[in-house]
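A.B. asks: Take this structure first; my questions come after.
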Amino acid sequence: MERREFILASSGYALSTLGLPDMDSITRRTKTALPGAGRVGQGEVAAVRHMVKALGDSASELGGGHARHLAVRYLTQDVAPWLEGRFTEATGRDLFAATSQLVHLAGWMAQDEGDTPELRGLAQRYYAHSFRLAAEAGDPELSATALRGLAVQCVDLGFRAEAVQLGEACVDYGRYFDNTRAVAYYEATLANAAAQDDDRRMATKHLAISETAIAKPAAAAGDSWAAHYSPGRWAHESGMILSRLGDLDAAEEHLHLALDIHGLDRRRTRAIVLADLGGVRLRQGDVDGAMATWRNFLDCADGIRSVKVQAALQDMRVRLRRYSGVPEAQDLRERAARVTD
């Protein structure tokens with residue numbers, strides 16, 4: 001079975017809507033452009049890439065709920081006509097790859113904006129379309145990154161078997177990459193899915209492979225988010241995997257590594273790491289440490305529109321109920337309520 005056929009068969013939940021990518025569509029379009037179609041060149045490709053970076057930076061700082069409408073408007077009003085334009089095959093592949101990034105970003109924004117059936121469905125469709133665009137562009141790293149988006153969504157929704165299968169598909173792609181950051185990204189995805197599936201052996205195995213890869217010198221950054229998977233992001237993700245496996249001391253060490261050594265500075269990202277660290281400390285019995293960490297979390301969380309931040313706020317409020325007689329705990333719950341409102 002070819003690799004792409006394996007992936008399409010791997011998950012009824014997430015991949016049944018993908019369909020086989022039309023691998024020759026770009027070649028065909030260069031020969032049969034519609035009459036009157038506008039000329040598209042590398043300038044338009046550069047514009048898409050620039051917008052992906054600008055919108056992605058904003059979403060990383062303030063959450064996916066802030067600018068998704070801008071990403072969708074740019075996609076539908078500016079980029080969609082370019083996909084129907086006249087271009088060389090090389091430009092067409094670059095354009096499809098850049099558009100795959102933009103569509104993936106729109107999916108991530110929808111997933112981060114809220115936990116509703118509508119937004120979950122939007123995210124899934126965007127990730128599926130991102131995969132098709134990347135596959136048609138002949139970019140396996142972008143294809144794998146789109147599948148990772150689906151895997152993470154399955155983890156969040158509790159579709160454990162599907163998440164593992166999608167994680168395995170990401171790793172299958174990653175075996176062909178020289179970029180060690182990409183390998184670490186996909187191996188950690190599978191480790192996370194396996195930990196959620198209570199498969200300690202698989203989770204430990206792939207977390208170790210991910211750690212080996214992230215420790216190696218990074219290749220030149222590519223276009224995929226995987227190429228920019230930093231040691232700080234890896235430390236956060238691995239910390240939460242270790243937490244799920246019950247190794248709280250190692251989890252705390254990794255979360256400190258993410259915050260203090262690598263200094264994750266995006267407000268949304270830093271807020272989530274702080275929330276996770278507070279939870280780990282509480283599970284260790286360090287109530288004072290948990291509340292001190294959660295104070296910092298609340299400072300970061302104000303104004304961020306992210307379902308993960310909102311979920312962390314609610315989780316913190318619930319866990320602090322047992323300390324209703326502690327003034328500091330009550331103050332944190334009241335502050336969290338104001339941020340949520």
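Chain lettering (A, B, ...) mirrors the order of the structure tokens, residue numbering begins at 1 for each chain separately, and ligand numbering begins at 1 in order of display.
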So that I can check the surroundings of segment 268-279 of chain A, please list as a VMD selection string every protein, DNA and RNA residue that reaches within 7 Å of it, counting only C-alpha atoms and ignoring chain neighbours fewer than 2 positions away.
C.D. replies: chain A and resid 60 to 63 236 252 255 264 to 266 281 to 283 290 to 291 293 to 294 297 300 to 301 304 309 312
A.B. asks: Would you list the contacts of Ala194 of chain A as a PDB file with N, CA and C atoms, in the first residue's frame, taking every protein, DNA or RNA residue within 8 Å and counting only C-alpha atoms, but skipping same-chain residues closer than 6 positions in sequence?
C.D. replies:
ATOM      1  N   ARG A 160      -9.346   8.645  20.858  1.00  0.00           N
ATOM      2  CA  ARG A 160      -7.992   8.198  21.158  1.00  0.00           C
ATOM      3  C   ARG A 160      -7.402   7.312  20.067  1.00  0.00           C
ATOM      4  N   VAL A 164      -4.101   8.222  17.653  1.00  0.00           N
ATOM      5  CA  VAL A 164      -2.899   7.389  17.517  1.00  0.00           C
ATOM      6  C   VAL A 164      -2.631   7.085  16.050  1.00  0.00           C
ATOM      7  N   ARG A 200       1.561   3.387  27.652  1.00  0.00           N
ATOM      8  CA  ARG A 200       2.805   3.920  28.202  1.00  0.00           C
ATOM      9  C   ARG A 200       4.012   3.521  27.372  1.00  0.00           C
ATOM     10  N   MET A 202       4.302   2.812  24.118  1.00  0.00           N
ATOM     11  CA  MET A 202       4.406   3.577  22.884  1.00  0.00           C
ATOM     12  C   MET A 202       4.730   5.038  23.170  1.00  0.00           C
ATOM     13  N   ALA A 203       4.089   5.610  24.182  1.00  0.00           N
ATOM     14  CA  ALA A 203       4.341   7.012  24.502  1.00  0.00           C
ATOM     15  C   ALA A 203       5.802   7.237  24.886  1.00  0.00           C
TER      16      ALA A 203
END
A.B. asks: Just how far from atom CA of Gly149 of chain A is atom CA of Ala218 of chain A, in Å to one decimal?
C.D. replies: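 Between these atoms lies a distance of 22.0 Å.
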A.B. asks: Between atom CA of Ala227 of chain A and atom CA of Ala144 of chain A, what distance in Å does the model show, to one decimal?
C.D. replies: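 About the pair atom CA of Ala227 of chain A and atom CA of Ala144 of chain A: they are 11.6 Å apart.
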A.B. asks: Could you work out how far atom CA of Glu118 of chain A lies from atom CA of Gly65 of chain A, giving the answer in Å with one decimal?
C.D. replies: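 Here the two named atoms are 13.8 Å from each other.
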A.B. asks: Could you list, as a list in words, every residue within 10 Å of Asp299 of chain A, counting only C-alpha atoms and ignoring same-chain residues fewer than 3 positions away?
C.D. replies: Arg267, Ala271, Trp294, Arg295, Asn296, Asp302, Gly303, Arg335 and Val339 of chain A
A.B. asks: Selection from above, all heavy atoms, as a CSV table (one decimal), in the first residue's frame, can you write it?
C.D. replies:
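After the write, part.csv holds the following:
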chain,number,residue,atom,x,y,z
A,267,ARG,N,2.2,35.5,24.5
A,267,ARG,CA,1.4,35.5,25.7
A,267,ARG,C,0.5,34.3,25.8
A,267,ARG,O,0.3,33.7,26.9
A,267,ARG,CB,0.6,36.8,25.7
A,267,ARG,CG,1.3,38.0,26.4
A,267,ARG,CD,0.3,38.9,27.1
A,267,ARG,NE,-0.7,39.4,26.2
A,267,ARG,CZ,-2.0,39.6,26.4
A,267,ARG,NH1,-2.5,39.2,27.6
A,267,ARG,NH2,-2.8,40.1,25.6
A,271,ALA,N,0.9,31.7,28.8
A,271,ALA,CA,-0.2,31.5,29.7
A,271,ALA,C,-0.6,30.0,29.9
A,271,ALA,O,-0.8,29.5,31.0
A,271,ALA,CB,-1.5,32.3,29.2
A,294,TRP,N,-0.3,30.2,39.3
A,294,TRP,CA,-1.6,30.6,38.7
A,294,TRP,C,-1.8,32.1,38.8
A,294,TRP,O,-2.5,32.7,37.9
A,294,TRP,CB,-2.7,29.9,39.4
A,294,TRP,CG,-2.9,28.5,38.9
A,294,TRP,CD1,-2.6,28.1,37.6
A,294,TRP,CD2,-3.5,27.4,39.5
A,294,TRP,NE1,-2.9,26.7,37.5
A,294,TRP,CE2,-3.5,26.3,38.6
A,294,TRP,CE3,-4.0,27.2,40.8
A,294,TRP,CZ2,-4.0,25.1,38.9
A,294,TRP,CZ3,-4.6,26.0,41.1
A,294,TRP,CH2,-4.5,24.9,40.2
A,295,ARG,N,-1.1,32.8,39.7
A,295,ARG,CA,-1.2,34.3,39.7
A,295,ARG,C,-0.5,34.8,38.4
A,295,ARG,O,-1.0,35.7,37.7
A,295,ARG,CB,-0.5,34.9,40.9
A,295,ARG,CG,-1.3,34.9,42.2
A,295,ARG,CD,-0.7,35.9,43.2
A,295,ARG,NE,0.6,35.6,43.5
A,295,ARG,CZ,1.0,34.7,44.5
A,295,ARG,NH1,0.1,34.1,45.2
A,295,ARG,NH2,2.3,34.5,44.8
A,296,ASN,N,0.6,34.3,38.1
A,296,ASN,CA,1.3,34.6,36.8
A,296,ASN,C,0.5,34.3,35.6
A,296,ASN,O,0.5,35.0,34.6
A,296,ASN,CB,2.7,34.0,36.8
A,296,ASN,CG,3.6,34.5,37.8
A,296,ASN,OD1,3.5,35.6,38.3
A,296,ASN,ND2,4.6,33.6,38.2
A,302,ASP,N,-5.3,37.6,30.6
A,302,ASP,CA,-6.2,38.7,30.4
A,302,ASP,C,-6.2,39.2,28.9
A,302,ASP,O,-5.2,39.5,28.4
A,302,ASP,CB,-5.9,39.8,31.3
A,302,ASP,CG,-7.1,40.8,31.4
A,302,ASP,OD1,-8.2,40.5,31.0
A,302,ASP,OD2,-6.8,42.0,31.8
A,303,GLY,N,-7.4,39.1,28.3
A,303,GLY,CA,-7.5,39.6,26.9
A,303,GLY,C,-7.2,38.6,25.8
A,303,GLY,O,-7.4,38.9,24.6
A,335,ARG,N,-10.6,36.5,40.4
A,335,ARG,CA,-9.8,37.1,39.3
A,335,ARG,C,-10.1,36.3,38.0
A,335,ARG,O,-10.3,36.8,37.0
A,335,ARG,CB,-8.3,37.1,39.6
A,335,ARG,CG,-7.8,38.2,40.5
A,335,ARG,CD,-6.3,38.2,40.5
A,335,ARG,NE,-5.8,38.5,39.2
A,335,ARG,CZ,-4.5,38.3,38.9
A,335,ARG,NH1,-3.6,37.9,39.8
A,335,ARG,NH2,-4.0,38.6,37.7
A,339,VAL,N,-11.7,37.4,34.3
A,339,VAL,CA,-11.0,37.2,33.0
A,339,VAL,C,-12.0,36.4,32.1
A,339,VAL,O,-12.1,36.7,30.9
A,339,VAL,CB,-9.7,36.4,33.2
A,339,VAL,CG1,-9.1,36.0,31.9
A,339,VAL,CG2,-8.7,37.3,34.0
A.B. asks: Applying 10 Å and only C-alpha atoms, which residues near Asp139 of chain A remain after dropping the ones on its own chain fewer than 2 positions away? List them as a short mmCIF file (atom, residue, chain, number, x, y, z; two decimals) with N, CA, C and O atoms, in the first residue's frame.
C.D. replies:
data_model
loop_
_atom_site.label_atom_id
_atom_site.label_comp_id
_atom_site.auth_asym_id
_atom_site.auth_seq_id
_atom_site.Cartn_x
_atom_site.Cartn_y
_atom_site.Cartn_z
N ARG A 93 3.02 25.29 -7.61
CA ARG A 93 3.33 24.45 -6.43
C ARG A 93 3.63 25.33 -5.22
O ARG A 93 3.20 25.03 -4.10
N ASP A 94 4.36 26.41 -5.42
CA ASP A 94 4.64 27.32 -4.31
C ASP A 94 3.35 27.97 -3.80
O ASP A 94 3.17 28.15 -2.59
N PHE A 96 0.23 26.78 -4.01
CA PHE A 96 -0.59 25.80 -3.30
C PHE A 96 0.00 25.51 -1.91
O PHE A 96 -0.74 25.34 -0.94
N ALA A 97 1.33 25.46 -1.82
CA ALA A 97 1.96 25.21 -0.53
C ALA A 97 1.70 26.36 0.43
O ALA A 97 1.35 26.15 1.60
N SER A 100 -1.82 26.25 1.54
CA SER A 100 -2.00 25.19 2.54
C SER A 100 -1.68 25.70 3.93
O SER A 100 -2.39 25.41 4.90
N PHE A 131 -4.41 19.64 3.90
CA PHE A 131 -3.72 18.42 3.48
C PHE A 131 -3.79 18.25 1.97
O PHE A 131 -2.79 17.95 1.31
N LEU A 133 -4.22 20.55 -0.39
CA LEU A 133 -3.40 21.55 -1.06
C LEU A 133 -1.92 21.19 -0.97
O LEU A 133 -1.17 21.31 -1.95
N ALA A 134 -1.48 20.76 0.21
CA ALA A 134 -0.07 20.40 0.40
C ALA A 134 0.30 19.19 -0.45
O ALA A 134 1.38 19.14 -1.04
N ALA A 135 -0.60 18.21 -0.50
CA ALA A 135 -0.32 17.02 -1.29
C ALA A 135 -0.25 17.35 -2.77
O ALA A 135 0.62 16.84 -3.49
N GLU A 136 -1.15 18.21 -3.23
CA GLU A 136 -1.11 18.61 -4.64
C GLU A 136 0.15 19.42 -4.95
O GLU A 136 0.67 19.36 -6.06
N ALA A 137 0.63 20.17 -3.95
CA ALA A 137 1.87 20.94 -4.15
C ALA A 137 3.10 20.03 -4.09
O ALA A 137 4.20 20.48 -4.43
N GLU A 141 6.05 17.69 4.05
CA GLU A 141 6.11 18.24 5.40
C GLU A 141 4.83 19.00 5.73
O GLU A 141 4.27 18.86 6.83
N LEU A 142 4.34 19.78 4.79
CA LEU A 142 3.07 20.47 5.01
C LEU A 142 1.92 19.48 5.12
O LEU A 142 0.99 19.68 5.90
N SER A 143 1.97 18.41 4.33
CA SER A 143 0.94 17.37 4.43
C SER A 143 0.92 16.77 5.82
O SER A 143 -0.14 16.59 6.43
N ALA A 144 2.09 16.43 6.34
CA ALA A 144 2.18 15.84 7.67
C ALA A 144 1.71 16.81 8.74
O ALA A 144 1.07 16.42 9.72
N ASP A 223 8.93 25.93 5.41
CA ASP A 223 7.66 26.66 5.48
C ASP A 223 6.71 26.08 6.52
O ASP A 223 5.83 26.79 7.00
N SER A 224 6.84 24.82 6.84
CA SER A 224 5.91 24.19 7.76
C SER A 224 6.14 24.65 9.18
O SER A 224 7.26 24.97 9.58
#
A.B. asks: Among segment 49-121 of chain A, which ones does DSSP assign to alpha helix (DSSP H) (computed from the backbone)? Answer as a count of residues only.
C.D. replies: 55
A.B. asks: Skip Cys170 of chain A itself and residues of its chain fewer than 5 positions away, then list as a ChimeraX atom specification all residues within 10 Å of it, counting only C-alpha atoms.
C.D. replies: /A:7,140-141,143-148,151,164-165,175,182-183,185-187,189-190
A.B. asks: Extract, using only C-alpha atoms, all DNA, RNA and protein residues at most 7 Å from segment 105-109 of chain A, discarding same-chain residues fewer than 4 positions from it, and format them as a list in words.
C.D. replies: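 Within the cut-off, the hits are Gly56, Gly64, Gly65, Arg68, Ala71, Val72, Gln101, Glu113, Leu122, Ala123, Gln124, Tyr126 and Tyr127 of chain A.
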A.B. asks: Let me see the file: selected residues, N, CA, C and O atoms, as a PDB file, in the first residue's frame.
C.D. replies:
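Generated file (part.pdb):
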ATOM      1  N   GLY A  56      -0.396  34.619  11.872  1.00  0.00           N
ATOM      2  CA  GLY A  56       0.031  33.592  12.820  1.00  0.00           C
ATOM      3  C   GLY A  56       0.650  34.190  14.063  1.00  0.00           C
ATOM      4  O   GLY A  56       0.409  33.734  15.186  1.00  0.00           O
ATOM      5  N   GLY A  64      -6.549  32.374  18.834  1.00  0.00           N
ATOM      6  CA  GLY A  64      -7.134  32.192  17.507  1.00  0.00           C
ATOM      7  C   GLY A  64      -8.414  32.964  17.281  1.00  0.00           C
ATOM      8  O   GLY A  64      -8.796  33.220  16.142  1.00  0.00           O
ATOM      9  N   GLY A  65      -9.108  33.352  18.353  1.00  0.00           N
ATOM     10  CA  GLY A  65     -10.378  34.054  18.201  1.00  0.00           C
ATOM     11  C   GLY A  65     -10.252  35.490  17.760  1.00  0.00           C
ATOM     12  O   GLY A  65     -11.255  36.110  17.394  1.00  0.00           O
ATOM     13  N   ARG A  68      -9.345  35.355  13.165  1.00  0.00           N
ATOM     14  CA  ARG A  68      -9.723  34.315  12.203  1.00  0.00           C
ATOM     15  C   ARG A  68     -10.506  34.899  11.033  1.00  0.00           C
ATOM     16  O   ARG A  68     -10.332  34.496   9.877  1.00  0.00           O
ATOM     17  N   ALA A  71      -8.184  36.133   8.428  1.00  0.00           N
ATOM     18  CA  ALA A  71      -7.565  35.056   7.656  1.00  0.00           C
ATOM     19  C   ALA A  71      -8.540  34.499   6.625  1.00  0.00           C
ATOM     20  O   ALA A  71      -8.172  34.261   5.460  1.00  0.00           O
ATOM     21  N   VAL A  72      -9.785  34.291   7.039  1.00  0.00           N
ATOM     22  CA  VAL A  72     -10.792  33.724   6.127  1.00  0.00           C
ATOM     23  C   VAL A  72     -11.100  34.706   5.000  1.00  0.00           C
ATOM     24  O   VAL A  72     -11.224  34.320   3.831  1.00  0.00           O
ATOM     25  N   GLN A 101      -0.614  26.506   4.040  1.00  0.00           N
ATOM     26  CA  GLN A 101      -0.280  27.101   5.334  1.00  0.00           C
ATOM     27  C   GLN A 101      -1.392  28.009   5.834  1.00  0.00           C
ATOM     28  O   GLN A 101      -1.752  27.982   7.023  1.00  0.00           O
ATOM     29  N   GLU A 113     -10.522  28.994  18.834  1.00  0.00           N
ATOM     30  CA  GLU A 113     -11.514  30.029  19.143  1.00  0.00           C
ATOM     31  C   GLU A 113     -12.586  29.550  20.116  1.00  0.00           C
ATOM     32  O   GLU A 113     -13.039  30.306  20.980  1.00  0.00           O
ATOM     33  N   LEU A 122     -15.458  23.227  11.402  1.00  0.00           N
ATOM     34  CA  LEU A 122     -14.670  24.119  10.552  1.00  0.00           C
ATOM     35  C   LEU A 122     -13.192  23.745  10.599  1.00  0.00           C
ATOM     36  O   LEU A 122     -12.527  23.665   9.566  1.00  0.00           O
ATOM     37  N   ALA A 123     -12.685  23.536  11.807  1.00  0.00           N
ATOM     38  CA  ALA A 123     -11.274  23.194  11.946  1.00  0.00           C
ATOM     39  C   ALA A 123     -10.944  21.920  11.192  1.00  0.00           C
ATOM     40  O   ALA A 123      -9.942  21.844  10.469  1.00  0.00           O
ATOM     41  N   GLN A 124     -11.793  20.909  11.338  1.00  0.00           N
ATOM     42  CA  GLN A 124     -11.529  19.648  10.656  1.00  0.00           C
ATOM     43  C   GLN A 124     -11.511  19.835   9.143  1.00  0.00           C
ATOM     44  O   GLN A 124     -10.630  19.315   8.446  1.00  0.00           O
ATOM     45  N   TYR A 126     -10.898  22.606   7.458  1.00  0.00           N
ATOM     46  CA  TYR A 126      -9.713  23.374   7.069  1.00  0.00           C
ATOM     47  C   TYR A 126      -8.467  22.490   7.056  1.00  0.00           C
ATOM     48  O   TYR A 126      -7.650  22.563   6.132  1.00  0.00           O
ATOM     49  N   TYR A 127      -8.301  21.663   8.078  1.00  0.00           N
ATOM     50  CA  TYR A 127      -7.132  20.786   8.107  1.00  0.00           C
ATOM     51  C   TYR A 127      -7.157  19.817   6.921  1.00  0.00           C
ATOM     52  O   TYR A 127      -6.111  19.536   6.309  1.00  0.00           O
TER      53      TYR A 127
END
